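Presented below is the structure to which this report refers.
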Amino acid sequence: MPPMKADLQNNPSTPAMTIRFHLTDGSVHSFVQADDAVARKIWESVDPEGLFAHPRIVIGSEHSKAVFVSEEIIRVDFLQDGFQCWEFPGGYSDIVELSEAEFRGHAHLDQPAQMTKREQATPVGDLLVSFVQLQMRGGRPQFAMIEIPVKLPAESQSYMHFMLSKGSVHMRLRGGGIGVLNLANLAAYAVYPGVAQIPADAWLAEPVPKGF
């Protein structure tokens, strides 16, 4: 597991919370809240599983109102210091953002001989660590490490069903804070190593190096 590093420090110049929107056009929009009580009220009002169920998210400031259409949001980040992370959905024990370099290194994409084969099953109940590339609308991929206890074969496709649910999933960010990813804008994903069981209609083929 890569070490988590919090960039946010307890000092007067640091806002209580920064909210950052990543959109499908590649743009990023950031907002800050300096008041601790207001920041906590925002944090406690957020339902990560239902964040994108509403058609829009509205940010009100002293001089303006910004409206973000949910279906065009890739990810919303909540950068704050000290608020407890929500529980992860789907039985996951941890989900952590990775850089592309970290992802490639942990998945051994540049060292194929060291890659774990998909058919190399992990015993039921053991912790499976997977490295995931999520290709989002707009062309910008997301990378993450996922930890989850291994389930029975009959439950092994629950991961795929969850990723294709068009809901949301949150993860701890590399620099501190939490990001909520909009799975409605997920175009494709690859898991290293993949589970041993795959759908009966899956096509068997090898990815071209440097991508999937």
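Labels for the structure tokens follow display order: chains A, B, ..., residues from 1 in each chain, ligands from 1.
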| said: Which residues are close to Pro193 in chain A, i.e. within 6 Å by only C-alpha atoms, leaving aside same-chain residues fewer than 6 positions away? Reply as a ChimeraX atom specification. | reply: /A:116,118,130
Go through range 167-192 of chain A residue by residue and, counting only C-alpha atoms, keep those with an atom at most 9 Å from range 76-93 of chain A; for each kept residue give the shortest atom pair and its distance in Å to one decimal, ordered by chain and increasing number, as JSON lines.
```
{"residue": "A:Val169", "atom": "CA", "partner": "A:Pro89", "partner_atom": "CA", "distance": 7.2}
{"residue": "A:His170", "atom": "CA", "partner": "A:Phe88", "partner_atom": "CA", "distance": 7.1}
{"residue": "A:Met171", "atom": "CA", "partner": "A:Phe88", "partner_atom": "CA", "distance": 8.0}
{"residue": "A:Arg172", "atom": "CA", "partner": "A:Cys85", "partner_atom": "CA", "distance": 7.9}
{"residue": "A:Leu173", "atom": "CA", "partner": "A:Asp77", "partner_atom": "CA", "distance": 8.3}
{"residue": "A:Gly175", "atom": "CA", "partner": "A:Leu79", "partner_atom": "CA", "distance": 8.7}
{"residue": "A:Gly176", "atom": "CA", "partner": "A:Leu79", "partner_atom": "CA", "distance": 6.6}
{"residue": "A:Gly177", "atom": "CA", "partner": "A:Leu79", "partner_atom": "CA", "distance": 4.3}
{"residue": "A:Ile178", "atom": "CA", "partner": "A:Phe78", "partner_atom": "CA", "distance": 5.3}
{"residue": "A:Gly179", "atom": "CA", "partner": "A:Asp77", "partner_atom": "CA", "distance": 4.1}
{"residue": "A:Val180", "atom": "CA", "partner": "A:Val76", "partner_atom": "CA", "distance": 5.2}
{"residue": "A:Leu181", "atom": "CA", "partner": "A:Val76", "partner_atom": "CA", "distance": 6.7}
{"residue": "A:Asn182", "atom": "CA", "partner": "A:Val76", "partner_atom": "CA", "distance": 8.3}
```
| query | Pick the closest to Leu127 in chain A from A:Met115, A:Met145, A:Val150, A:Val69: which is it, counting only C-alpha atoms? | reply | A:Val150
| For Ile73 in chain A: contacts at 7 Å, only C-alpha atoms, fewer than 2 positions along chain excluded, given as number ranges by chain | A: 21-24, 69-71, 75, 182
| message | Let me make sure I understand: among A:Glu72, A:Ile42, A:Ala113, A:Tyr159, which one has the smallest atom-to-atom distance to Gly26 in chain A if we use only C-alpha atoms? | response |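 Residue with the minimum atom-to-atom distance to Gly26 in chain A: A:Glu72.
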| task | Identify, on the basis of only C-alpha atoms, every residue whose closest approach to Phe68 in chain A does not exceed 7 Å; exclude the query and any residue fewer than 2 positions from it along the same chain; express the result as a PyMOL selection string. | result | chain A and resi 56-58+66+70
Requested write-out: all heavy atoms of the selected residues, as a PDB file, in the first residue's frame:
```pdb
ATOM      1  N   ARG A  56     -28.284  18.260 -10.234  1.00  0.00           N
ATOM      2  CA  ARG A  56     -27.279  19.317 -10.159  1.00  0.00           C
ATOM      3  C   ARG A  56     -26.743  19.451  -8.743  1.00  0.00           C
ATOM      4  O   ARG A  56     -27.377  19.042  -7.773  1.00  0.00           O
ATOM      5  CB  ARG A  56     -27.836  20.656 -10.654  1.00  0.00           C
ATOM      6  CG  ARG A  56     -28.617  21.488  -9.649  1.00  0.00           C
ATOM      7  CD  ARG A  56     -29.949  20.902  -9.225  1.00  0.00           C
ATOM      8  NE  ARG A  56     -30.720  21.734  -8.325  1.00  0.00           N
ATOM      9  CZ  ARG A  56     -30.600  21.770  -7.008  1.00  0.00           C
ATOM     10  NH1 ARG A  56     -29.681  21.075  -6.404  1.00  0.00           N
ATOM     11  NH2 ARG A  56     -31.378  22.535  -6.266  1.00  0.00           N
ATOM     12  N   ILE A  57     -25.557  20.031  -8.631  1.00  0.00           N
ATOM     13  CA  ILE A  57     -24.975  20.436  -7.360  1.00  0.00           C
ATOM     14  C   ILE A  57     -24.742  21.946  -7.443  1.00  0.00           C
ATOM     15  O   ILE A  57     -24.145  22.427  -8.418  1.00  0.00           O
ATOM     16  CB  ILE A  57     -23.649  19.699  -7.079  1.00  0.00           C
ATOM     17  CG1 ILE A  57     -23.888  18.190  -6.990  1.00  0.00           C
ATOM     18  CG2 ILE A  57     -23.006  20.216  -5.802  1.00  0.00           C
ATOM     19  CD1 ILE A  57     -22.611  17.388  -6.834  1.00  0.00           C
ATOM     20  N   VAL A  58     -25.203  22.666  -6.438  1.00  0.00           N
ATOM     21  CA  VAL A  58     -25.142  24.132  -6.455  1.00  0.00           C
ATOM     22  C   VAL A  58     -24.165  24.613  -5.392  1.00  0.00           C
ATOM     23  O   VAL A  58     -24.200  24.154  -4.246  1.00  0.00           O
ATOM     24  CB  VAL A  58     -26.536  24.750  -6.216  1.00  0.00           C
ATOM     25  CG1 VAL A  58     -26.442  26.276  -6.236  1.00  0.00           C
ATOM     26  CG2 VAL A  58     -27.526  24.261  -7.255  1.00  0.00           C
ATOM     27  N   ALA A  66     -22.843  28.950  -8.585  1.00  0.00           N
ATOM     28  CA  ALA A  66     -22.318  28.035  -9.593  1.00  0.00           C
ATOM     29  C   ALA A  66     -23.143  26.750  -9.571  1.00  0.00           C
ATOM     30  O   ALA A  66     -23.392  26.192  -8.495  1.00  0.00           O
ATOM     31  CB  ALA A  66     -20.847  27.724  -9.329  1.00  0.00           C
ATOM     32  N   SER A  70     -24.903  17.144 -12.772  1.00  0.00           N
ATOM     33  CA  SER A  70     -24.321  15.918 -12.231  1.00  0.00           C
ATOM     34  C   SER A  70     -23.800  14.979 -13.296  1.00  0.00           C
ATOM     35  O   SER A  70     -22.744  14.359 -13.140  1.00  0.00           O
ATOM     36  CB  SER A  70     -25.354  15.193 -11.358  1.00  0.00           C
ATOM     37  OG  SER A  70     -25.659  15.955 -10.212  1.00  0.00           O
TER      38      SER A  70
END
```
| Closest of A:Thr18, A:Asp35, A:Ser99, A:Lys117 to Ala196 in chain A - atom-to-atom distances counting only C-alpha atoms | A:Lys117
What's around Ala16 in chain A at 6 Å? Count only C-alpha atoms, leave out sequence neighbours fewer than 2 positions away in its own chain, and write the answer as a compact mmCIF listing (two decimals) with N, CA and C atoms, in the first residue's frame.
```txt
# COMPACT_ATOMS: atom_id res chain seq x y z
N GLN A 33 -14.16 26.95 1.79
CA GLN A 33 -14.97 27.39 2.93
C GLN A 33 -14.03 27.54 4.11
N ALA A 34 -13.96 28.76 4.66
CA ALA A 34 -13.01 29.06 5.71
C ALA A 34 -13.53 28.73 7.10
N ASP A 36 -14.98 26.57 10.01
CA ASP A 36 -14.98 25.15 10.38
C ASP A 36 -16.40 24.61 10.55
```
| Taking the backbone alone, and naming residues the way the document does, which bits of range 81-114 of chain A are helix (DSSP H, G or I) by DSSP, as an MDAnalysis selection string? | chainID A and resid 100:107 112:114
Let me see the file: selected residues, all heavy atoms, as an mmCIF file, in the first residue's frame.
```cif
data_model
loop_
_atom_site.group_PDB
_atom_site.id
_atom_site.type_symbol
_atom_site.label_atom_id
_atom_site.label_comp_id
_atom_site.auth_asym_id
_atom_site.auth_seq_id
_atom_site.Cartn_x
_atom_site.Cartn_y
_atom_site.Cartn_z
ATOM 1 N N GLU A 100 -0.469 7.538 -11.963
ATOM 2 C CA GLU A 100 -0.286 6.561 -13.043
ATOM 3 C C GLU A 100 1.003 5.771 -12.846
ATOM 4 O O GLU A 100 1.041 4.556 -13.071
ATOM 5 C CB GLU A 100 -0.271 7.257 -14.402
ATOM 6 C CG GLU A 100 -0.131 6.267 -15.563
ATOM 7 C CD GLU A 100 -0.290 6.911 -16.925
ATOM 8 O OE1 GLU A 100 -0.457 8.149 -16.986
ATOM 9 O OE2 GLU A 100 -0.259 6.166 -17.933
ATOM 10 N N ALA A 101 2.073 6.452 -12.395
ATOM 11 C CA ALA A 101 3.346 5.761 -12.179
ATOM 12 C C ALA A 101 3.221 4.710 -11.079
ATOM 13 O O ALA A 101 3.753 3.601 -11.198
ATOM 14 C CB ALA A 101 4.436 6.778 -11.840
ATOM 15 N N GLU A 102 2.525 5.057 -9.984
ATOM 16 C CA GLU A 102 2.309 4.093 -8.909
ATOM 17 C C GLU A 102 1.497 2.906 -9.392
ATOM 18 O O GLU A 102 1.805 1.746 -9.083
ATOM 19 C CB GLU A 102 1.604 4.772 -7.731
ATOM 20 C CG GLU A 102 2.480 5.763 -6.977
ATOM 21 C CD GLU A 102 1.694 6.585 -5.985
ATOM 22 O OE1 GLU A 102 0.468 6.777 -6.184
ATOM 23 O OE2 GLU A 102 2.295 7.061 -4.999
ATOM 24 N N PHE A 103 0.465 3.184 -10.171
ATOM 25 C CA PHE A 103 -0.370 2.106 -10.715
ATOM 26 C C PHE A 103 0.450 1.159 -11.587
ATOM 27 O O PHE A 103 0.396 -0.068 -11.420
ATOM 28 C CB PHE A 103 -1.526 2.710 -11.515
ATOM 29 C CG PHE A 103 -2.261 1.718 -12.377
ATOM 30 C CD1 PHE A 103 -3.162 0.828 -11.816
ATOM 31 C CD2 PHE A 103 -2.037 1.674 -13.747
ATOM 32 C CE1 PHE A 103 -3.834 -0.099 -12.610
ATOM 33 C CE2 PHE A 103 -2.702 0.762 -14.540
ATOM 34 C CZ PHE A 103 -3.603 -0.124 -13.976
ATOM 35 N N ARG A 104 1.213 1.714 -12.509
ATOM 36 C CA ARG A 104 1.999 0.876 -13.411
ATOM 37 C C ARG A 104 3.030 0.052 -12.637
ATOM 38 O O ARG A 104 3.283 -1.110 -12.962
ATOM 39 C CB ARG A 104 2.696 1.729 -14.481
ATOM 40 C CG ARG A 104 1.749 2.464 -15.422
ATOM 41 C CD ARG A 104 2.501 3.031 -16.616
ATOM 42 N NE ARG A 104 3.009 1.966 -17.471
ATOM 43 C CZ ARG A 104 2.296 1.380 -18.427
ATOM 44 N NH1 ARG A 104 1.052 1.748 -18.654
ATOM 45 N NH2 ARG A 104 2.829 0.427 -19.164
ATOM 46 N N GLY A 105 3.612 0.658 -11.596
ATOM 47 C CA GLY A 105 4.599 -0.058 -10.808
ATOM 48 C C GLY A 105 3.993 -1.197 -10.011
ATOM 49 O O GLY A 105 4.503 -2.321 -10.027
ATOM 50 N N HIS A 106 2.873 -0.939 -9.332
ATOM 51 C CA HIS A 106 2.242 -1.969 -8.516
ATOM 52 C C HIS A 106 1.645 -3.084 -9.372
ATOM 53 O O HIS A 106 1.641 -4.256 -8.961
ATOM 54 C CB HIS A 106 1.157 -1.359 -7.640
ATOM 55 C CG HIS A 106 1.687 -0.553 -6.493
ATOM 56 N ND1 HIS A 106 2.421 -1.099 -5.463
ATOM 57 C CD2 HIS A 106 1.586 0.769 -6.212
ATOM 58 C CE1 HIS A 106 2.745 -0.166 -4.597
ATOM 59 N NE2 HIS A 106 2.264 0.993 -5.030
ATOM 60 N N ALA A 107 1.121 -2.731 -10.557
ATOM 61 C CA ALA A 107 0.531 -3.739 -11.438
ATOM 62 C C ALA A 107 1.577 -4.450 -12.290
ATOM 63 O O ALA A 107 1.254 -5.406 -12.994
ATOM 64 C CB ALA A 107 -0.515 -3.087 -12.355
ATOM 65 N N PRO A 112 6.090 -7.668 -17.327
ATOM 66 C CA PRO A 112 5.058 -8.701 -17.490
ATOM 67 C C PRO A 112 5.375 -10.013 -16.782
ATOM 68 O O PRO A 112 4.452 -10.700 -16.312
ATOM 69 C CB PRO A 112 5.002 -8.894 -19.013
ATOM 70 C CG PRO A 112 5.513 -7.607 -19.576
ATOM 71 C CD PRO A 112 6.550 -7.128 -18.617
ATOM 72 N N ALA A 113 6.648 -10.366 -16.671
ATOM 73 C CA ALA A 113 7.007 -11.636 -16.032
ATOM 74 C C ALA A 113 6.628 -11.650 -14.552
ATOM 75 O O ALA A 113 6.470 -12.732 -13.952
ATOM 76 C CB ALA A 113 8.501 -11.901 -16.189
ATOM 77 N N GLN A 114 6.482 -10.477 -13.927
ATOM 78 C CA GLN A 114 6.146 -10.403 -12.507
ATOM 79 C C GLN A 114 4.652 -10.247 -12.249
ATOM 80 O O GLN A 114 4.223 -10.229 -11.093
ATOM 81 C CB GLN A 114 6.901 -9.241 -11.861
ATOM 82 C CG GLN A 114 8.412 -9.377 -11.892
ATOM 83 C CD GLN A 114 9.086 -8.257 -11.118
ATOM 84 O OE1 GLN A 114 8.533 -7.703 -10.178
ATOM 85 N NE2 GLN A 114 10.311 -7.918 -11.539
#
```
| message | DSSP on the backbone: which residues in range 49-185 of chain A end up as strand (DSSP E)? Give the answer as a PyMOL selection string. | response | chain A and resi 56-60+65-69+73-80+94-97+127-136+141-149+168-172+178-182
| task | Considering only C-alpha atoms, state which residue in the set A:Glu97, A:Ala188, A:Met163, A:His54 is at the smallest distance from Ala144 in chain A. | result | A:Glu97
